[in-house]
Amino acid sequence: YTSGTTGEPKGGVLSHGNFVSNVSTCSTFFEVGPGTVGLSFLPLAHVFERMIDYVYFSRAATVSYAESIEKLADNFGEVRPHCFASVPRVYDKIHARIFQNLESQSPTKQKIFAWALKTGRERLALLEKRRPVPGGLAFRYRIADRLVFSKIKARLGGRFQFCMSGGAPLSKEVAEFFWAAGVEVYEGYGLTETSPVLTCNRPDAWKLGSVGKPIPGVAVRISADGEVLAKGPNIMRGYWNKPEETNKVFDAEGWFQTGDVGVVDREGFLTLTDRKKELIINAYGKNIAPAPIEEALKQIRYVASAVLIGDRRKYLSALLVPNFERLEAWASANRIEYRSQTELIRSPKVRALFQQAIDIVNGGEPSEKKIKDFALLTTDFTIEGGELTPTLKVKRRVVAEKYKDVIDGLYAKAEALDAAVDRSTDKMM
């Protein structure tokens with residue numbers, strides 16, 4: 001079943017042949033064999049994890065199933081996997097935790113970390129361009145690995161070789177951090193309807209920020225309005241008992257319409273820019289891609305989650321869930337008194353802190369892409385709360401319904417002001 005982020009989940013009819021074509025192709029990209037141990041922690045009902053498991057089975061690798069997301073850190077140490085597959089939200093959380101822990105380290109350790117990361121990025125820049133790494137830089141990187149990066153890989157069990165990311169776009173900044181640290185995250189792209197892989201980065205062909213090249217046997221092209229279209233032996237037969245819905249996703253030439261917007265560069269790498277159904281169309285008819293702005297918001301050190309609002313509205317606003325561990329530390333350092341998280345987020349100083357960060361995100365963006373207002377929430381989005389799918393993607397419709405009063409409140413003042421202006425204009429006329 002599809003995740004239902006933009007509507008009702010639909011059953012995709014995937015044949016044995018669909019899966020076999022995807023598994024037989026994708027299993028050739030990475031060195032997986034009888035000695036390989038993979039850690040599985042995504043839902044087994046999710047087509048991405050299902051296909052990854054089939055790859056392990058086909059190569060006689062060992063699959064270790066995690067107890068839960070909460071025990072993932074322990075399971076990495078117990079299983080010591082060579083590889084695993086995940087969704088971007090998990091990589092985001094690991095990335096945030098690393099930098100959060102760094103804040104409590106001594107100034108000397110922070111400087112060593114910054115030096116190591118700078119060294120890793122210098123090396124990565126050359127690897128991306130397929131250029132040799134000079135001996136001096138290679139030597140510095142070995143020191144950086146010993147002092148810093150080896151500790152990150154130790155948290156992954158100490159035998160780490162590679163990992164995969166799918167289900168949603170991975171932030172380029174997060175991907176660059178892991179690659180600089182020697183943690184190779186290969187991002188791919190696909191849908192439930194495509195069994196799922198359409199494109200994939202792999203050891204012999206990768207580009208950070210992209211979702212890779214089409215896998216053998218699959219054709220990808222971009223439509224006139226920017227939508228990613230695909231054909232291949234892995235495409236579903238249709239939606240279960242939904243012939244009208246099936247007809248909507250196949251064009252006259254039989255191309256499957258993914259609903260995603262993207263571009264293909266000269267080298268054949270696909271880069272996704274947004275989800276077609278998730279594009280925000282404001283009151284003036286301007287199309288706004290929420291994902292890049294939300295990603296920028298999540299880079300704010302005090303933000304844990306962010307959802308952009310603005311469909312059919314005159315301007316953008318945002319729902320932000322603070323990283324309370326960091327925010328409370330900041331509040332303590334600034335002598336802000338509060339008795340609850342609700343009281344904390346109402347503090348004028350806290351509002352000013354977030355406004356300052358949002359002003360930086362707005363930067364030189366055109367007016368339609370600037371965030372004019374925001375609301376801070378005390379509860380993060382969860383699967384149990386209904387705001388996230390099992391693969392941790394935000395259900396925008398659910399968020400919009402659940403926080404309708406909060407959202408309406410963000411626009412109430414502006415709408416009242418517009419009404420007053422309209423009345424004033426009428427009197428003048």
# chains A, B, ... in the order shown; residues from 1 in each chain; ligands from 1

call {"tool": "select_by_dssp", "arguments": {"residues": "stretch 153-373 of chain A", "states": "helix (DSSP H, G or I)", "output": "JSON, numbers by chain"}}
result
{"A": [153, 154, 155, 172, 173, 174, 175, 176, 177, 178, 179, 180, 192, 193, 194, 243, 244, 245, 246, 247, 248, 276, 277, 278, 290, 291, 292, 293, 294, 295, 296, 297, 298, 324, 325, 326, 327, 328, 329, 330, 331, 332, 333, 341, 342, 343, 344, 345, 348, 349, 350, 351, 352, 353, 354, 355, 356, 357, 358, 359, 360, 361, 362, 367, 368, 369]}

call {"tool": "residues_around", "arguments": {"residues": "A:Tyr315", "least_positions_apart": "5", "cutoff": "12 Å", "atoms": "only C-alpha atoms", "output": "list in words"}}
result
Ile280, Ile281, Asn282, Ala283, Tyr284, Gly285, Lys286, Asn287, Ile288, Leu308, Ile309, Gly310, Pro366, Ser367, Glu368, Lys369, Lys370, Ile371, Lys372, Asp373, Phe374, Leu410, Tyr411, Ala414 and Glu415 of chain A

call {"tool": "write_last_selection", "arguments": {"atoms": "C-alpha atoms", "output": "mmCIF file, in the first residue's frame"}}
result
data_model
loop_
_atom_site.group_PDB
_atom_site.id
_atom_site.type_symbol
_atom_site.label_atom_id
_atom_site.label_comp_id
_atom_site.auth_asym_id
_atom_site.auth_seq_id
_atom_site.Cartn_x
_atom_site.Cartn_y
_atom_site.Cartn_z
ATOM 1 C CA ILE A 280 1.954 24.895 -2.300
ATOM 2 C CA ILE A 281 -0.076 27.158 -4.555
ATOM 3 C CA ASN A 282 -0.592 30.463 -2.786
ATOM 4 C CA ALA A 283 -3.492 32.894 -3.121
ATOM 5 C CA TYR A 284 -1.754 34.594 -6.031
ATOM 6 C CA GLY A 285 -1.235 31.362 -8.013
ATOM 7 C CA LYS A 286 2.494 31.081 -7.274
ATOM 8 C CA ASN A 287 3.868 27.520 -6.996
ATOM 9 C CA ILE A 288 6.137 26.973 -3.994
ATOM 10 C CA LEU A 308 5.350 24.690 5.828
ATOM 11 C CA ILE A 309 1.830 26.111 5.503
ATOM 12 C CA GLY A 310 0.471 28.404 2.794
ATOM 13 C CA PRO A 366 11.411 36.298 -3.201
ATOM 14 C CA SER A 367 8.436 37.463 -1.135
ATOM 15 C CA GLU A 368 6.294 34.397 -1.919
ATOM 16 C CA LYS A 369 8.970 32.112 -0.431
ATOM 17 C CA LYS A 370 9.452 34.099 2.765
ATOM 18 C CA ILE A 371 7.941 32.823 6.014
ATOM 19 C CA LYS A 372 5.886 35.627 7.542
ATOM 20 C CA ASP A 373 4.729 33.901 10.734
ATOM 21 C CA PHE A 374 5.214 30.700 12.702
ATOM 22 C CA LEU A 410 -1.619 32.491 12.286
ATOM 23 C CA TYR A 411 -3.621 34.066 9.467
ATOM 24 C CA ALA A 414 -3.553 39.304 8.496
ATOM 25 C CA GLU A 415 -7.036 38.533 7.201
#

call {"tool": "atom_distance", "arguments": {"atom1": "atom CA of A:Gly17", "atom2": "atom CA of A:Val63"}}
result
22.8 Å

call {"tool": "residues_around", "arguments": {"residues": "A:Gly167", "least_positions_apart": "5", "cutoff": "10 Å", "atoms": "only C-alpha atoms", "output": "VMD selection string"}}
result
chain A and resid 3 46 to 49 86 to 89 187 to 192 196 to 197 391 to 393

call {"tool": "atom_distance", "arguments": {"atom1": "atom CA of A:Cys200", "atom2": "atom CA of A:Lys213"}}
result
5.6 Å

call {"tool": "closest_residue", "arguments": {"among": "A:Leu127, A:Val183, A:Leu137, A:Ala252", "to": "A:Cys83", "atoms": "only C-alpha atoms"}}
result
A:Val183

call {"tool": "closest_atom_pairs", "arguments": {"of": "stretch 190-275 of chain A", "to": "stretch 148-164 of chain A", "cutoff": "12 Å", "atoms": "only C-alpha atoms", "output": "JSON lines"}}
result
{"residue": "A:Val197", "atom": "CA", "partner": "A:Met164", "partner_atom": "CA", "distance": 11.7}
{"residue": "A:Cys200", "atom": "CA", "partner": "A:Met164", "partner_atom": "CA", "distance": 9.3}
{"residue": "A:Asn201", "atom": "CA", "partner": "A:Met164", "partner_atom": "CA", "distance": 9.0}
{"residue": "A:Arg202", "atom": "CA", "partner": "A:Met164", "partner_atom": "CA", "distance": 9.4}
{"residue": "A:Pro203", "atom": "CA", "partner": "A:Phe162", "partner_atom": "CA", "distance": 9.5}
{"residue": "A:Val211", "atom": "CA", "partner": "A:Met164", "partner_atom": "CA", "distance": 10.9}
{"residue": "A:Gly212", "atom": "CA", "partner": "A:Met164", "partner_atom": "CA", "distance": 11.8}

call {"tool": "write_last_selection", "arguments": {"atoms": "N, CA, C and O atoms", "output": "PDB file, in the first residue's frame"}}
result
ATOM      1  N   VAL A 197      12.588   0.577  -6.708  1.00  0.00           N
ATOM      2  CA  VAL A 197      13.705   1.408  -7.188  1.00  0.00           C
ATOM      3  C   VAL A 197      13.597   1.773  -8.669  1.00  0.00           C
ATOM      4  O   VAL A 197      13.444   0.908  -9.534  1.00  0.00           O
ATOM      5  N   CYS A 200      19.252   5.017  -8.691  1.00  0.00           N
ATOM      6  CA  CYS A 200      20.062   4.706  -7.512  1.00  0.00           C
ATOM      7  C   CYS A 200      21.498   5.172  -7.703  1.00  0.00           C
ATOM      8  O   CYS A 200      22.077   5.015  -8.786  1.00  0.00           O
ATOM      9  N   ASN A 201      22.049   5.772  -6.662  1.00  0.00           N
ATOM     10  CA  ASN A 201      23.494   6.011  -6.622  1.00  0.00           C
ATOM     11  C   ASN A 201      24.165   4.692  -6.250  1.00  0.00           C
ATOM     12  O   ASN A 201      23.611   3.903  -5.470  1.00  0.00           O
ATOM     13  N   ARG A 202      25.308   4.429  -6.785  1.00  0.00           N
ATOM     14  CA  ARG A 202      26.052   3.192  -6.449  1.00  0.00           C
ATOM     15  C   ARG A 202      27.545   3.496  -6.479  1.00  0.00           C
ATOM     16  O   ARG A 202      27.958   4.551  -6.968  1.00  0.00           O
ATOM     17  N   PRO A 203      28.354   2.584  -5.957  1.00  0.00           N
ATOM     18  CA  PRO A 203      29.795   2.854  -5.829  1.00  0.00           C
ATOM     19  C   PRO A 203      30.479   3.330  -7.105  1.00  0.00           C
ATOM     20  O   PRO A 203      31.407   4.133  -7.042  1.00  0.00           O
ATOM     21  N   VAL A 211      19.525  11.551  -6.794  1.00  0.00           N
ATOM     22  CA  VAL A 211      19.049  10.222  -6.395  1.00  0.00           C
ATOM     23  C   VAL A 211      19.577   9.160  -7.353  1.00  0.00           C
ATOM     24  O   VAL A 211      19.044   8.057  -7.450  1.00  0.00           O
ATOM     25  N   GLY A 212      20.650   9.518  -8.082  1.00  0.00           N
ATOM     26  CA  GLY A 212      21.322   8.549  -8.924  1.00  0.00           C
ATOM     27  C   GLY A 212      20.799   8.475 -10.345  1.00  0.00           C
ATOM     28  O   GLY A 212      19.961   9.275 -10.776  1.00  0.00           O
TER      29      GLY A 212
END

call {"tool": "atom_distance", "arguments": {"atom1": "atom CA of A:Leu272", "atom2": "atom CA of A:Gly38"}}
result
27.7 Å

call {"tool": "residues_around", "arguments": {"residues": "A:Gly209", "least_positions_apart": "3", "cutoff": "9 Å", "atoms": "only C-alpha atoms", "output": "list in words"}}
result
Pro169, Leu170, Ser171, Lys172, Glu173, Ala175, Glu176, Glu187, Gly212, Thr271 and Leu272 of chain A

call {"tool": "write_last_selection", "arguments": {"atoms": "N, CA and C atoms", "output": "CSV table (one decimal), in the first residue's frame"}}
result
chain,number,residue,atom,x,y,z
A,169,PRO,N,13.5,12.5,-0.1
A,169,PRO,CA,14.8,13.1,-0.4
A,169,PRO,C,15.7,13.3,0.8
A,170,LEU,N,16.9,13.0,0.7
A,170,LEU,CA,17.9,13.2,1.8
A,170,LEU,C,18.6,14.5,1.6
A,171,SER,N,18.7,15.3,2.7
A,171,SER,CA,19.3,16.6,2.7
A,171,SER,C,20.8,16.4,2.2
A,172,LYS,N,21.2,17.3,1.2
A,172,LYS,CA,22.5,17.2,0.7
A,172,LYS,C,23.5,17.5,1.8
A,173,GLU,N,23.2,18.4,2.7
A,173,GLU,CA,24.1,18.7,3.8
A,173,GLU,C,24.3,17.5,4.7
A,175,ALA,N,23.9,14.3,3.8
A,175,ALA,CA,24.7,13.4,3.0
A,175,ALA,C,26.1,13.7,3.0
A,176,GLU,N,26.5,15.0,2.8
A,176,GLU,CA,27.9,15.4,2.7
A,176,GLU,C,28.6,15.2,4.0
A,187,GLU,N,22.0,7.2,-1.9
A,187,GLU,CA,20.5,7.5,-2.0
A,187,GLU,C,19.9,7.0,-3.3
A,212,GLY,N,20.7,9.5,-8.1
A,212,GLY,CA,21.3,8.5,-8.9
A,212,GLY,C,20.8,8.5,-10.3
A,271,THR,N,17.7,14.6,-10.1
A,271,THR,CA,17.6,15.3,-8.8
A,271,THR,C,16.1,15.7,-8.7
A,272,LEU,N,15.6,15.4,-7.5
A,272,LEU,CA,14.2,15.7,-7.2
A,272,LEU,C,14.1,17.1,-6.6

call {"tool": "closest_residue", "arguments": {"among": "A:Arg266, A:Lys129, A:Lys276, A:Lys207", "to": "A:Gly226", "atoms": "only C-alpha atoms"}}
result
A:Lys276

call {"tool": "closest_residue", "arguments": {"among": "A:Pro43, A:Gly262, A:Gly238, A:Pro348", "to": "A:Arg221", "atoms": "only C-alpha atoms"}}
result
A:Gly262

call {"tool": "select_by_dssp", "arguments": {"residues": "stretch 74-206 of chain A", "states": "strand (DSSP E)", "output": "PyMOL selection string"}}
result
chain A and resi 83-86+162-165+185-190+197-200

call {"tool": "residues_around", "arguments": {"residues": "A:His16", "least_positions_apart": "4", "cutoff": "10 Å", "atoms": "only C-alpha atoms", "output": "PDB file with all heavy atoms, in the first residue's frame"}}
result
ATOM      1  N   VAL A  20      11.315  -9.405  -8.935  1.00  0.00           N
ATOM      2  CA  VAL A  20      12.502 -10.103  -9.429  1.00  0.00           C
ATOM      3  C   VAL A  20      13.349  -9.168 -10.292  1.00  0.00           C
ATOM      4  O   VAL A  20      14.584  -9.141 -10.187  1.00  0.00           O
ATOM      5  CB  VAL A  20      12.120 -11.367 -10.224  1.00  0.00           C
ATOM      6  CG1 VAL A  20      13.320 -11.908 -10.994  1.00  0.00           C
ATOM      7  CG2 VAL A  20      11.592 -12.435  -9.276  1.00  0.00           C
ATOM      8  N   SER A  21      12.697  -8.387 -11.139  1.00  0.00           N
ATOM      9  CA  SER A  21      13.448  -7.468 -11.999  1.00  0.00           C
ATOM     10  C   SER A  21      14.218  -6.454 -11.168  1.00  0.00           C
ATOM     11  O   SER A  21      15.382  -6.143 -11.464  1.00  0.00           O
ATOM     12  CB  SER A  21      12.495  -6.744 -12.963  1.00  0.00           C
ATOM     13  OG  SER A  21      11.686  -5.803 -12.274  1.00  0.00           O
ATOM     14  N   SER A 195       8.148  -0.957  -7.229  1.00  0.00           N
ATOM     15  CA  SER A 195       8.763  -2.166  -6.623  1.00  0.00           C
ATOM     16  C   SER A 195      10.086  -2.068  -5.848  1.00  0.00           C
ATOM     17  O   SER A 195      10.656  -3.114  -5.579  1.00  0.00           O
ATOM     18  CB  SER A 195       8.950  -3.249  -7.702  1.00  0.00           C
ATOM     19  OG  SER A 195       7.758  -3.502  -8.380  1.00  0.00           O
ATOM     20  N   ASN A 234       9.550  -3.168 -13.598  1.00  0.00           N
ATOM     21  CA  ASN A 234       9.231  -3.122 -12.178  1.00  0.00           C
ATOM     22  C   ASN A 234       7.975  -2.307 -11.874  1.00  0.00           C
ATOM     23  O   ASN A 234       7.579  -2.174 -10.721  1.00  0.00           O
ATOM     24  CB  ASN A 234      10.402  -2.523 -11.397  1.00  0.00           C
ATOM     25  CG  ASN A 234      10.808  -1.156 -11.917  1.00  0.00           C
ATOM     26  OD1 ASN A 234      10.705  -0.882 -13.107  1.00  0.00           O
ATOM     27  ND2 ASN A 234      11.274  -0.296 -11.035  1.00  0.00           N
TER      28      ASN A 234
END
